[in-house]
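Student: Data file start.cif (mmCIF, C-alpha atoms) is appended below.
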```
data_upload
#
loop_
_atom_site.label_atom_id
_atom_site.label_comp_id
_atom_site.auth_asym_id
_atom_site.auth_seq_id
_atom_site.Cartn_x
_atom_site.Cartn_y
_atom_site.Cartn_z
CA MET M 1 -14.10 217.25 41.23
CA THR M 2 -17.69 218.29 41.25
CA THR M 3 -19.93 217.29 44.09
CA LEU M 4 -23.53 216.93 43.16
CA THR M 5 -25.98 217.56 45.90
CA ARG M 6 -29.48 216.33 45.41
CA LYS M 7 -32.26 218.25 47.02
CA LYS M 8 -34.51 215.90 48.96
CA ASN M 9 -37.99 215.91 47.53
CA LYS M 10 -40.53 216.69 50.16
CA LEU M 11 -43.92 215.29 49.37
CA THR M 12 -46.72 217.78 49.85
CA TRP M 13 -50.42 217.08 50.28
CA HIS M 14 -50.89 218.57 46.84
CA ASP M 15 -48.51 216.02 45.29
CA VAL M 16 -50.43 213.24 47.01
CA LEU M 17 -53.76 214.64 45.87
CA ARG M 18 -52.53 214.78 42.27
CA SER M 19 -51.38 211.15 42.52
CA VAL M 20 -54.65 210.04 44.05
CA GLN M 21 -56.57 211.75 41.28
CA MET M 22 -54.70 209.58 38.79
CA LEU M 23 -55.98 206.41 40.41
CA SER M 24 -59.01 204.58 39.11
CA PRO M 25 -62.31 205.31 40.90
CA GLN M 26 -62.12 201.80 42.37
CA ASP M 27 -58.64 202.40 43.82
CA GLN M 28 -59.69 205.81 45.10
CA ARG M 29 -62.54 204.15 46.96
CA ARG M 30 -60.15 201.49 48.32
CA LEU M 31 -57.78 204.19 49.53
CA ARG M 32 -60.62 206.09 51.17
CA ASP M 33 -61.73 202.93 52.97
CA GLU M 34 -58.21 202.27 54.22
CA LEU M 35 -57.84 205.83 55.51
CA ALA M 36 -61.20 205.65 57.24
CA LYS M 37 -60.16 202.38 58.90
CA SER M 38 -57.12 204.03 60.40
CA ALA M 39 -59.18 206.88 61.83
CA GLY M 40 -58.69 207.02 65.54
CA VAL M 41 -61.24 207.35 68.26
CA TYR M 42 -61.74 209.79 71.10
CA LEU M 43 -62.18 208.36 74.58
CA ALA M 44 -64.22 210.43 77.06
CA ARG M 45 -63.36 209.00 80.44
CA PRO M 46 -65.29 209.38 83.71
CA THR M 47 -63.76 211.75 86.26
CA GLY M 48 -63.26 208.91 88.71
CA HIS M 49 -63.62 211.29 91.65
CA ALA M 50 -64.97 209.52 94.72
CA ALA M 51 -67.63 212.20 95.29
CA ALA M 52 -68.80 211.99 91.66
CA ILE M 53 -69.03 208.20 91.89
CA ARG M 54 -71.03 208.37 95.13
CA ARG M 55 -73.40 210.97 93.71
CA GLY M 56 -73.76 208.97 90.47
CA ARG M 57 -74.60 205.76 92.31
CA ARG M 58 -77.17 207.51 94.49
CA LEU M 59 -78.80 209.03 91.43
CA ALA M 60 -78.72 205.67 89.59
CA LYS M 61 -80.64 204.04 92.46
CA THR M 62 -83.23 206.84 92.41
CA ILE M 63 -83.71 206.44 88.67
CA GLN M 64 -83.97 202.67 88.95
CA ALA M 65 -86.71 203.10 91.55
CA GLU M 66 -88.56 205.61 89.34
CA LEU M 67 -88.35 203.31 86.34
CA ALA M 68 -89.57 200.33 88.37
CA ALA M 69 -92.91 202.11 88.68
CA ALA M 70 -93.16 202.74 84.93
CA SER M 71 -94.90 200.15 82.79
CA MET M 72 -92.56 198.82 80.14
CA ASP M 73 -92.30 195.80 77.91
CA SER M 74 -89.74 193.13 78.76
CA LEU M 75 -86.07 193.70 77.93
CA ASP M 76 -86.35 191.25 75.05
CA GLU M 77 -89.39 192.99 73.57
CA THR M 78 -87.68 196.36 73.93
CA MET M 79 -84.44 195.16 72.32
CA THR M 80 -86.31 193.44 69.50
CA ARG M 81 -88.02 196.74 68.80
CA LEU M 82 -84.68 198.58 68.87
CA ARG M 83 -82.46 196.07 67.05
CA GLY M 84 -84.85 193.95 65.03
CA GLN M 85 -85.21 190.23 64.53
CA SER M 86 -81.57 189.39 65.26
CA TRP M 87 -82.18 190.02 68.94
CA SER M 88 -82.49 186.78 70.90
CA SER M 89 -80.95 186.50 74.34
CA MET Q 1 -61.13 197.46 77.72
CA VAL Q 2 -64.57 195.85 77.65
CA VAL Q 3 -67.34 197.35 75.51
CA ILE Q 4 -70.83 196.92 76.94
CA ASP Q 5 -73.92 196.80 74.73
CA THR Q 6 -77.06 198.83 75.41
CA ASP Q 7 -79.16 195.90 76.66
CA VAL Q 8 -76.93 195.33 79.70
CA LEU Q 9 -77.41 198.94 80.85
CA LEU Q 10 -81.08 198.99 79.95
CA LEU Q 11 -81.57 195.89 82.09
CA ALA Q 12 -79.78 197.56 85.00
CA PHE Q 13 -82.04 200.60 84.91
CA ALA Q 14 -85.42 199.53 83.65
CA PHE Q 15 -86.07 195.84 84.24
CA GLN Q 16 -85.49 195.19 87.91
CA SER Q 17 -87.58 192.01 88.05
CA ASP Q 18 -85.86 190.33 85.07
CA LYS Q 19 -84.33 187.00 86.08
CA ARG Q 20 -80.96 188.05 84.60
CA GLN Q 21 -80.71 191.00 87.02
CA PRO Q 22 -78.41 189.32 89.62
CA ALA Q 23 -75.84 188.30 86.99
CA ASN Q 24 -76.20 191.64 85.26
CA SER Q 25 -75.55 193.57 88.50
CA ALA Q 26 -72.59 191.36 89.41
CA PHE Q 27 -71.13 191.90 85.96
CA LEU Q 28 -71.50 195.69 86.07
CA LYS Q 29 -69.76 195.71 89.44
CA ARG Q 30 -66.87 193.43 88.45
CA VAL Q 31 -66.24 194.95 85.05
CA GLN Q 32 -65.34 198.30 86.62
CA ALA Q 33 -61.88 196.88 87.21
CA ALA Q 34 -61.50 196.17 83.49
CA ASP Q 35 -61.94 199.66 82.01
CA PRO Q 36 -65.56 199.33 80.82
CA ALA Q 37 -66.75 201.39 77.87
CA ILE Q 38 -69.72 202.09 75.65
CA THR Q 39 -69.84 203.70 72.23
CA VAL Q 40 -71.60 207.00 71.75
CA TYR Q 41 -74.20 205.03 69.77
CA ASN Q 42 -75.04 202.88 72.81
CA LEU Q 43 -75.28 206.03 74.90
CA MET Q 44 -77.75 207.63 72.51
CA GLU Q 45 -79.78 204.43 72.14
CA LEU Q 46 -80.08 204.11 75.92
CA LEU Q 47 -80.97 207.77 76.46
CA GLY Q 48 -83.51 207.60 73.64
CA GLN Q 49 -85.22 204.60 75.21
CA LEU Q 50 -85.22 206.08 78.73
CA SER Q 51 -86.45 209.47 77.47
CA PHE Q 52 -89.95 207.97 77.36
CA ASN Q 53 -89.91 207.46 81.13
CA LEU Q 54 -87.53 210.05 82.59
CA SER Q 55 -87.96 213.79 82.97
CA PRO Q 56 -85.64 216.00 80.88
CA ALA Q 57 -83.87 217.04 84.10
CA ARG Q 58 -83.16 213.41 85.01
CA LEU Q 59 -82.04 212.64 81.48
CA ASP Q 60 -79.65 215.62 81.53
CA ALA Q 61 -77.83 214.11 84.51
CA TRP Q 62 -76.67 211.04 82.50
CA GLN Q 63 -73.04 211.87 83.14
CA ALA Q 64 -73.67 211.19 86.84
CA TRP Q 65 -76.10 208.24 86.92
CA LEU Q 66 -74.54 206.42 83.98
CA ILE Q 67 -70.92 207.43 83.39
CA GLU Q 68 -69.75 208.08 86.94
CA ALA Q 69 -71.96 205.47 88.59
CA TYR Q 70 -70.62 202.67 86.36
CA GLN Q 71 -67.23 204.24 85.54
CA LEU Q 72 -67.82 204.06 81.80
CA THR Q 73 -65.59 205.49 79.10
CA VAL Q 74 -67.52 206.76 76.08
CA ILE Q 75 -65.96 205.99 72.68
CA TRP Q 76 -66.51 208.65 70.00
CA PRO Q 77 -65.33 208.77 66.40
CA ALA Q 78 -62.15 210.84 66.88
CA ASP Q 79 -62.82 213.62 64.47
CA LEU Q 80 -66.46 214.23 65.32
CA ASP Q 81 -65.93 217.97 65.81
CA ASP Q 82 -64.49 218.54 62.37
CA MET Q 83 -65.69 215.48 60.54
CA THR Q 84 -65.37 215.77 56.78
CA ALA Q 85 -68.16 214.65 54.53
CA LEU Q 86 -66.05 211.65 53.52
CA SER Q 87 -65.33 210.43 57.03
CA PHE Q 88 -68.97 211.01 58.00
CA ARG Q 89 -70.07 208.95 55.03
CA ALA Q 90 -67.66 206.14 55.96
CA GLU Q 91 -68.75 206.18 59.61
CA ILE Q 92 -72.48 206.39 59.08
CA PHE Q 93 -72.93 204.59 55.78
CA GLU Q 94 -70.08 202.71 54.10
CA HIS Q 95 -68.72 200.67 56.98
CA PRO Q 96 -72.08 199.78 58.55
CA TYR Q 97 -73.46 198.91 55.13
CA ALA Q 98 -70.52 196.62 54.32
CA ARG Q 99 -71.16 194.80 57.58
CA MET Q 100 -74.89 194.51 56.94
CA ARG Q 101 -74.20 192.94 53.53
CA SER Q 102 -71.62 190.48 54.78
CA HIS Q 103 -73.13 189.54 58.15
CA ARG Q 104 -76.83 190.44 58.05
CA MET Q 105 -77.10 192.76 61.00
CA ALA Q 106 -79.12 195.71 62.23
CA PHE Q 107 -77.84 199.24 61.63
CA MET Q 108 -77.16 199.91 65.32
CA ASP Q 109 -75.26 196.61 65.74
CA ALA Q 110 -73.09 197.56 62.75
CA LEU Q 111 -72.44 201.11 63.99
CA VAL Q 112 -71.45 199.91 67.46
CA LEU Q 113 -69.12 197.16 66.23
CA ASN Q 114 -67.48 199.43 63.66
CA LEU Q 115 -66.48 201.88 66.36
CA ALA Q 116 -65.65 199.34 69.08
CA GLU Q 117 -63.42 197.22 66.82
CA ARG Q 118 -61.19 200.11 65.86
CA THR Q 119 -60.68 201.27 69.44
CA PRO Q 120 -57.21 200.30 70.67
CA GLY Q 121 -57.30 197.91 73.61
CA VAL Q 122 -60.87 196.70 73.14
CA GLU Q 123 -61.02 192.91 73.07
CA GLN Q 124 -64.40 191.96 74.49
CA PHE Q 125 -67.98 192.92 73.72
CA VAL Q 126 -70.54 192.03 76.39
CA THR Q 127 -74.21 191.64 75.54
CA TRP Q 128 -77.05 189.31 76.45
CA ASN Q 129 -77.32 188.70 72.70
CA ALA Q 130 -73.72 187.41 72.42
CA ARG Q 131 -74.79 184.43 70.33
CA HIS Q 132 -75.82 186.78 67.52
CA PHE Q 133 -72.36 188.40 67.41
CA LYS Q 134 -70.25 185.23 67.38
CA ASP Q 135 -68.31 184.99 64.10
CA LYS Q 136 -69.49 188.47 63.09
CA SER Q 137 -66.83 190.52 64.85
CA SER Q 138 -63.12 190.47 65.60
CA LEU Q 139 -64.11 191.10 69.24
CA HIS Q 140 -64.86 188.27 71.64
CA ALA Q 141 -68.63 188.48 72.23
CA LEU Q 142 -69.86 187.08 75.50
CA THR Q 143 -72.78 187.41 77.89
CA PRO Q 144 -72.40 188.94 81.37
CA GLU Q 145 -72.63 185.41 82.80
CA GLU Q 146 -69.87 184.18 80.50
CA TYR Q 147 -67.72 187.17 81.44
CA LEU Q 148 -68.15 186.41 85.16
CA ALA Q 149 -67.35 182.72 84.61
CA GLN Q 150 -64.23 183.68 82.67
CA ILE Q 151 -62.79 185.85 85.43
CA ALA Q 152 -63.84 183.54 88.31
#
```
Here is the file; what I need is its structure written in the form of structure tokens.
Tutor:
Amino acid sequence: MTTLTRKKNKLTWHDVLRSVQMLSPQDQRRLRDELAKSAGVYLARPTGHAAAIRRGRRLAKTIQAELAAASMDSLDETMTRLRGQSWSS
Amino acid sequence: MVVIDTDVLLLAFAFQSDKRQPANSAFLKRVQAADPAITVYNLMELLGQLSFNLSPARLDAWQAWLIEAYQLTVIWPADLDDMTALSFRAEIFEHPYARMRSHRMAFMDALVLNLAERTPGVEQFVTWNARHFKDKSSLHALTPEEYLAQIA
């Protein structure tokens, strides 16, 4: 009796690339969109250290006081300038 | 996780006499228990606006007066350090453009939503312009006042 063993085909990136290149331009674009959708994100978190929070809050108050003296438009005028006509609070 | 739009932070820093300030402050305090976040696009929009009125030294300390003070997580596109031309194109052009065509929205709105929506765990988007975002995002858009009413 002969036992046939089949070697498991391991897909390489090159195999995938060749397959993708056989797709229509429209399907290539669709694939690219799907891959981009699954792209993850990187989250940069605050340190959360009590001393850093205290220092940050002190500095925030100082900056708020400095900005209170500056002449600026209203929030709505500023946001309309930044985001356009869709801004309406 | 709750994503906060630029206007809420701009109001906190630059428009102290605005009538929305009490609700805005209460929101920024309460939301710290709900893992608040901003996208890197909001960060840059805010810093750009404040650069007209703050010294470079003050601006440089944003990690303290913004991130640590309000306990904000900053959301970045994951592969920013080695972004390929294709992923850059998708991030900066294709996805925002698709959203502009389908929902009529400004470039910055589209950039922010594109990144916020694909962040795991983000369900809410808080802005004083929430009305504009209703039916334009998979996230629940609400104002700071609506957020406070919801958790009361």
Student: From the set Q:Gly121, Q:Pro77, Q:Gly48, Q:Pro22, which residue has the shortest atom-to-atom contact distance to chain M, counting all atoms listed in the file?
Tutor: Q:Pro77
Student: At a cut-off of 6 Å, which residues of chain M touch chain Q? Count all atoms listed in the file and give the answer as a list in words.
Tutor: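 Selected residues: Gly40, Val41, Tyr42, Leu43, Ala44, Arg45, Pro46, Ile53, Gly56, Arg57, Leu59, Ala60, Gln64, Leu67, Arg83, Ser88 and Ser89 of chain M.
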Student: If I take atom CA of Q:Tyr147 and atom CA of M:Met72, how far is one from the other in Å, to one decimal?
Tutor: 27.5 Å
Student: Set up a box along x, y and z of the file covering all listed atoms of stretch 65-74 of chain M, add 8 Å on every one of the six sides, and write the centre and edge lengths in Å to one decimal, as JSON.
Tutor:
```
{"center_x": -90.8, "center_y": 199.4, "center_z": 84.7, "size_x": 24.2, "size_y": 28.5, "size_z": 29.6}
```
Student: I'd like the interatomic distance between atom CA of Q:Lys136 and atom CA of Q:Arg101, to a tenth of an Å.
Tutor: 11.6 Å
Student: Would you work out the distance separating atom CA of Q:Glu123 from atom CA of Q:Lys19, expressed in Å to one decimal?
Tutor: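 Interatomic distance, atom CA of Q:Glu123 to atom CA of Q:Lys19: 27.3 Å.
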Student: Pop stretch 7-132 of chain Q out of the structure in the block and write C-alpha atoms as a compact mmCIF listing (two decimals), in the first residue's frame.
Tutor:
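Wrote it out as decode-v4.txt, contents follow:
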```
# COMPACT_ATOMS: atom_id res chain seq x y z
CA ASP Q 7 -15.02 73.06 19.49
CA VAL Q 8 -15.54 71.68 23.00
CA LEU Q 9 -11.85 72.14 23.85
CA LEU Q 10 -11.62 75.47 22.08
CA LEU Q 11 -14.55 76.69 24.17
CA ALA Q 12 -12.83 75.53 27.36
CA PHE Q 13 -9.65 77.46 26.59
CA ALA Q 14 -10.58 80.52 24.60
CA PHE Q 15 -14.19 81.57 25.17
CA GLN Q 16 -14.65 81.93 28.89
CA SER Q 17 -17.68 84.23 28.65
CA ASP Q 18 -19.63 81.99 26.26
CA LYS Q 19 -22.99 80.99 27.75
CA ARG Q 20 -22.24 77.30 27.08
CA GLN Q 21 -19.18 77.41 29.37
CA PRO Q 22 -20.85 75.93 32.51
CA ALA Q 23 -22.19 72.89 30.63
CA ASN Q 24 -18.93 72.57 28.72
CA SER Q 25 -16.86 72.57 31.94
CA ALA Q 26 -19.19 70.09 33.64
CA PHE Q 27 -18.96 67.81 30.62
CA LEU Q 28 -15.15 67.90 30.48
CA LYS Q 29 -15.04 67.02 34.16
CA ARG Q 30 -17.56 64.17 34.00
CA VAL Q 31 -16.29 62.63 30.79
CA GLN Q 32 -12.91 61.87 32.39
CA ALA Q 33 -14.51 58.77 33.86
CA ALA Q 34 -15.47 57.57 30.37
CA ASP Q 35 -12.05 57.38 28.69
CA PRO Q 36 -12.21 60.63 26.68
CA ALA Q 37 -10.26 60.91 23.43
CA ILE Q 38 -9.51 63.22 20.54
CA THR Q 39 -8.11 62.39 17.13
CA VAL Q 40 -4.73 63.73 16.09
CA TYR Q 41 -6.65 65.93 13.62
CA ASN Q 42 -8.55 67.62 16.47
CA LEU Q 43 -5.28 68.11 18.29
CA MET Q 44 -3.67 69.82 15.31
CA GLU Q 45 -6.75 71.94 14.60
CA LEU Q 46 -6.82 73.15 18.21
CA LEU Q 47 -3.08 73.86 18.36
CA GLY Q 48 -3.26 75.66 15.02
CA GLN Q 49 -6.05 77.92 16.25
CA LEU Q 50 -4.36 78.65 19.60
CA SER Q 51 -0.99 79.28 17.94
CA PHE Q 52 -2.26 82.76 17.05
CA ASN Q 53 -2.54 83.66 20.73
CA LEU Q 54 -0.03 81.51 22.61
CA SER Q 55 3.74 81.72 22.72
CA PRO Q 56 5.67 78.82 21.16
CA ALA Q 57 6.79 77.79 24.66
CA ARG Q 58 3.19 77.60 25.88
CA LEU Q 59 2.13 75.72 22.75
CA ASP Q 60 4.95 73.19 23.26
CA ALA Q 61 3.51 72.26 26.65
CA TRP Q 62 0.26 70.90 25.11
CA GLN Q 63 0.89 67.47 26.58
CA ALA Q 64 0.47 69.01 30.04
CA TRP Q 65 -2.30 71.61 29.65
CA LEU Q 66 -4.39 69.53 27.26
CA ILE Q 67 -3.66 65.81 27.52
CA GLU Q 68 -2.87 65.47 31.22
CA ALA Q 69 -5.23 68.21 32.39
CA TYR Q 70 -8.23 66.60 30.67
CA GLN Q 71 -6.94 62.99 30.63
CA LEU Q 72 -7.30 62.69 26.87
CA THR Q 73 -6.18 59.78 24.74
CA VAL Q 74 -4.98 60.83 21.29
CA ILE Q 75 -6.04 58.57 18.40
CA TRP Q 76 -3.51 58.25 15.56
CA PRO Q 77 -3.69 56.25 12.35
CA ALA Q 78 -1.79 53.12 13.50
CA ASP Q 79 0.87 52.99 10.88
CA LEU Q 80 1.76 56.66 10.80
CA ASP Q 81 5.48 55.98 11.24
CA ASP Q 82 5.75 53.72 8.23
CA MET Q 83 2.67 54.68 6.30
CA THR Q 84 2.71 53.45 2.72
CA ALA Q 85 1.65 55.71 -0.09
CA LEU Q 86 -1.54 53.65 -0.43
CA SER Q 87 -2.59 53.89 3.20
CA PHE Q 88 -1.72 57.59 3.24
CA ARG Q 89 -3.88 58.11 0.17
CA ALA Q 90 -6.77 56.22 1.77
CA GLU Q 91 -6.45 58.14 5.05
CA ILE Q 92 -6.04 61.60 3.63
CA PHE Q 93 -7.99 61.39 0.39
CA GLU Q 94 -10.15 58.37 -0.47
CA HIS Q 95 -12.10 57.90 2.74
CA PRO Q 96 -12.68 61.59 3.48
CA TYR Q 97 -13.66 62.18 -0.13
CA ALA Q 98 -16.17 59.31 -0.10
CA ARG Q 99 -17.75 60.85 2.98
CA MET Q 100 -17.85 64.33 1.47
CA ARG Q 101 -19.66 62.97 -1.60
CA SER Q 102 -22.20 60.96 0.34
CA HIS Q 103 -22.84 63.29 3.28
CA ARG Q 104 -21.70 66.78 2.25
CA MET Q 105 -19.21 67.57 4.94
CA ALA Q 106 -16.06 69.60 5.52
CA PHE Q 107 -12.66 67.95 5.10
CA MET Q 108 -11.82 68.11 8.81
CA ASP Q 109 -15.21 66.62 9.82
CA ALA Q 110 -14.57 63.74 7.41
CA LEU Q 111 -11.00 63.14 8.62
CA VAL Q 112 -12.06 63.09 12.27
CA LEU Q 113 -15.02 60.76 11.76
CA ASN Q 114 -13.02 58.39 9.57
CA LEU Q 115 -10.48 57.87 12.33
CA ALA Q 116 -12.90 57.91 15.27
CA GLU Q 117 -15.28 55.38 13.71
CA ARG Q 118 -12.60 52.77 13.20
CA THR Q 119 -11.27 53.04 16.74
CA PRO Q 120 -12.38 50.05 18.81
CA GLY Q 121 -14.59 51.02 21.74
CA VAL Q 122 -15.59 54.46 20.47
CA GLU Q 123 -19.36 54.88 20.53
CA GLN Q 124 -20.01 58.55 21.13
CA PHE Q 125 -18.88 61.76 19.47
CA VAL Q 126 -19.44 64.95 21.49
CA THR Q 127 -19.64 68.33 19.78
CA TRP Q 128 -21.73 71.48 20.08
CA ASN Q 129 -22.54 70.88 16.40
CA ALA Q 130 -24.07 67.44 17.06
CA ARG Q 131 -27.10 68.20 14.90
CA HIS Q 132 -24.86 68.34 11.83
```
